[in-house]
Amino acid sequence: MSWTLLVIASSLAAASFAPAVARPSPAGATSGTARLTDSVETVRRTPQALAHGASADDRAAFTLTVGDELVPYRVMAAFVLPGEDVPVEVASADSGFDVHVESGTIRKLSSHLWTWRSPSIPGAYALRVTPRDPGEAITVNAFVMVPYSRMRRGCLGGYRIGRYPAPRAHAGANYDRPRGFIEVTTLDDSTRVSPHFRLGQFVCKQGRRYPKYMVLKPALLVKLERLLDTVHRNGVEASTFQVMSGYRTPAYNRRIGNVTTFTRHQYGDAADIFVDEHPADGVMDDLNHDGCTDRRDAERLRAWAEALDRARDSDVRAGGLSDYGSTEAHGPFVHIDARGYAARW
């Protein structure tokens, strides 16, 4: 059994958390920290405040594992199924920690180990791990997904997803069909899934009605955060990446003419990105400072991503990488994914 994690370290103090509108909690579930939609932070943070990337302040202050995923930041997320028993473990010499959950049931096994039984109702629920000694907490936005098995004729709740291909032979779990889908409402769009990215940035561009359903992998988020840090170290100001295309349903992928059967976009670990900060005009910034925006700027961003993939001390998952020039429909951009092995085209 595997758990996909997306952990969101809150930059707000505990006293600053204001409860957001949440979905009903199952009867008898424990209640702790308020659900994080990050609405306050969304208003208060400016591009300048975010321009320094995943700094030391964003990194997790202690080692936390939720399910089988290491939590690298104080702000990230987890993806689980309804009623799933999820281990929560801290590896630290500190004497004690407390775990607060918005919903579901938490069972303490030792001073550093708990089991969280997730709620039966799909939605986003805050799980907060706090050291008893003064220190920074880690907040995990845990998304209880709608199981894949609930899809009927390629649809969930009237939202068209389409048909996933049979798992690719000898390709490992990366090509398995998703365990479930994140249900996205208008409330969830602004939820931070890592220090510099929101859930809504990765939602499929298919239609305008909510709820929508999607897949997102933490390996992609970690890779984007590390690349954003590389961009900042090369003197480029960027509060985030603009995600031109994140998750795609198989139905939408076919509709736009993509004939790649196993495109990583439909597995939630791929994104087509560009830097759009100065000016924020919907196209790539002039990264090489030659006075114009063209494919050479995408090549510059790709070169930084390539260096990240090849770094011996890198903790990012290898994946696909390519740069694209402008068309009538879009400006230059870079495709990046975390499929688990290098692919170039």
# chains A, B, ... in the order shown; residues from 1 in each chain; ligands from 1

$ select_by_dssp --residues "segment 116-246 of chain A" --states "strand (DSSP E or B)" --output "ChimeraX atom specification"
/A:116-117,123-131,138-144,146-147,152,155-156,159-160,180-184,192-194,197-198,212-214,242-245

$ residues_around --residues "segment 81-94 of chain A" --least-positions-apart "2" --cutoff "8 Å" --atoms "only C-alpha atoms" --output "mmCIF file with C-alpha atoms, in the first residue's frame"
data_model
loop_
_atom_site.group_PDB
_atom_site.id
_atom_site.type_symbol
_atom_site.label_atom_id
_atom_site.label_comp_id
_atom_site.auth_asym_id
_atom_site.auth_seq_id
_atom_site.Cartn_x
_atom_site.Cartn_y
_atom_site.Cartn_z
ATOM 1 C CA TRP A 3 0.354 6.880 0.258
ATOM 2 C CA PHE A 62 12.262 18.046 11.731
ATOM 3 C CA THR A 63 11.940 14.787 9.817
ATOM 4 C CA LEU A 64 8.332 13.788 9.287
ATOM 5 C CA THR A 65 6.952 10.901 7.250
ATOM 6 C CA VAL A 66 3.267 10.570 6.420
ATOM 7 C CA GLY A 67 2.390 7.245 4.845
ATOM 8 C CA PHE A 79 -3.365 11.915 -0.685
ATOM 9 C CA GLY A 96 7.819 14.930 22.321
ATOM 10 C CA HIS A 112 7.052 9.679 17.787
ATOM 11 C CA LEU A 113 4.579 7.398 15.993
ATOM 12 C CA TRP A 114 0.822 7.667 15.337
ATOM 13 C CA THR A 115 -1.770 6.145 13.046
ATOM 14 C CA TRP A 116 -4.367 8.384 11.469
ATOM 15 C CA ARG A 117 -7.550 6.821 10.147
ATOM 16 C CA SER A 118 -8.736 9.188 7.468
ATOM 17 C CA PRO A 119 -12.359 10.392 7.292
ATOM 18 C CA SER A 120 -14.841 8.578 5.103
ATOM 19 C CA ILE A 121 -15.910 11.784 3.345
ATOM 20 C CA PRO A 122 -13.662 13.071 0.504
ATOM 21 C CA PRO A 131 6.967 19.942 18.759
ATOM 22 C CA ASP A 133 9.467 22.430 22.800
ATOM 23 C CA VAL A 144 -9.124 12.205 1.094
ATOM 24 C CA MET A 145 -9.668 11.153 -2.502
ATOM 25 C CA VAL A 146 -12.639 9.688 -4.285
ATOM 26 C CA PRO A 147 -11.660 6.075 -5.087
ATOM 27 C CA ARG A 179 -5.857 5.009 -6.689
ATOM 28 C CA GLY A 180 -8.271 7.891 -6.539
#

$ closest_residue --among "A:Ser103, A:Asn234, A:Thr263, A:Ser314" --to "Asn174 of chain A" --atoms "only C-alpha atoms"
A:Thr263

$ residues_around --residues "Asp294 of chain A" --least-positions-apart "3" --cutoff "9 Å" --atoms "only C-alpha atoms" --output "ChimeraX atom specification"
/A:284,286,297-298,325-326,331-332

$ residues_around --residues "Tyr213 of chain A" --least-positions-apart "4" --cutoff "7 Å" --atoms "only C-alpha atoms" --output "PyMOL selection string"
chain A and resi 181-184

$ atom_distance --atom1 "atom CA of Arg152 of chain A" --atom2 "atom CA of Gly104 of chain A"
27.2 Å

$ closest_residue --among "A:Leu301, A:Ala251, A:Val140, A:Ala219" --to "Tyr164 of chain A" --atoms "only C-alpha atoms"
A:Ala251

$ decode --residues "segment 265-291 of chain A" --atoms "N, CA and C atoms" --output "compact mmCIF listing (two decimals), in the first residue's frame"
# COMPACT_ATOMS: atom_id res chain seq x y z
N HIS A 265 0.98 13.80 -17.83
CA HIS A 265 -0.01 14.77 -17.36
C HIS A 265 -1.23 14.08 -16.76
N GLN A 266 -1.62 12.93 -17.26
CA GLN A 266 -2.82 12.28 -16.74
C GLN A 266 -2.52 11.44 -15.49
N TYR A 267 -1.23 11.38 -15.10
CA TYR A 267 -0.86 10.68 -13.87
C TYR A 267 -0.48 11.66 -12.75
N GLY A 268 -0.54 12.95 -13.03
CA GLY A 268 -0.38 13.95 -11.99
C GLY A 268 1.04 14.29 -11.61
N ASP A 269 2.03 13.90 -12.44
CA ASP A 269 3.41 14.26 -12.09
C ASP A 269 4.11 15.00 -13.23
N ALA A 270 3.35 15.78 -14.00
CA ALA A 270 3.92 16.56 -15.10
C ALA A 270 3.31 17.95 -15.12
N ALA A 271 4.09 18.92 -15.60
CA ALA A 271 3.60 20.29 -15.74
C ALA A 271 4.34 20.98 -16.87
N ASP A 272 3.62 21.80 -17.62
CA ASP A 272 4.22 22.69 -18.61
C ASP A 272 4.28 24.07 -17.97
N ILE A 273 5.47 24.62 -17.82
CA ILE A 273 5.65 25.80 -16.97
C ILE A 273 6.43 26.90 -17.69
N PHE A 274 6.29 28.11 -17.15
CA PHE A 274 7.13 29.22 -17.57
C PHE A 274 7.15 30.26 -16.45
N VAL A 275 8.13 31.14 -16.50
CA VAL A 275 8.26 32.23 -15.53
C VAL A 275 7.54 33.44 -16.10
N ASP A 276 6.63 34.01 -15.31
CA ASP A 276 5.84 35.16 -15.78
C ASP A 276 5.70 36.15 -14.63
N GLU A 277 6.72 36.99 -14.49
CA GLU A 277 6.76 37.90 -13.34
C GLU A 277 6.91 39.36 -13.76
N HIS A 278 7.80 39.65 -14.70
CA HIS A 278 8.12 41.03 -15.08
C HIS A 278 8.14 41.17 -16.60
N PRO A 279 7.04 41.60 -17.21
CA PRO A 279 5.73 41.86 -16.59
C PRO A 279 4.91 40.57 -16.51
N ALA A 280 3.88 40.59 -15.70
CA ALA A 280 2.97 39.45 -15.61
C ALA A 280 1.96 39.57 -16.75
N ASP A 281 2.34 39.06 -17.92
CA ASP A 281 1.55 39.27 -19.13
C ASP A 281 1.14 37.97 -19.80
N GLY A 282 1.31 36.84 -19.12
CA GLY A 282 0.87 35.57 -19.68
C GLY A 282 1.87 34.87 -20.58
N VAL A 283 3.08 35.43 -20.69
CA VAL A 283 4.12 34.77 -21.49
C VAL A 283 5.42 34.75 -20.70
N MET A 284 6.35 33.92 -21.18
CA MET A 284 7.65 33.74 -20.52
C MET A 284 8.39 35.07 -20.39
N ASP A 285 9.05 35.26 -19.24
CA ASP A 285 9.91 36.42 -19.05
C ASP A 285 11.19 36.28 -19.87
N ASP A 286 11.89 37.38 -20.02
CA ASP A 286 13.15 37.41 -20.76
C ASP A 286 14.26 36.91 -19.83
N LEU A 287 14.42 35.60 -19.75
CA LEU A 287 15.36 35.02 -18.79
C LEU A 287 16.82 35.22 -19.17
N ASN A 288 17.12 35.32 -20.45
CA ASN A 288 18.52 35.49 -20.86
C ASN A 288 18.89 36.94 -21.15
N HIS A 289 17.93 37.85 -20.88
CA HIS A 289 18.18 39.30 -20.95
C HIS A 289 18.68 39.76 -22.33
N ASP A 290 18.10 39.18 -23.39
CA ASP A 290 18.50 39.61 -24.73
C ASP A 290 17.49 40.56 -25.34
N GLY A 291 16.51 41.00 -24.53
CA GLY A 291 15.56 41.98 -24.99
C GLY A 291 14.32 41.43 -25.67
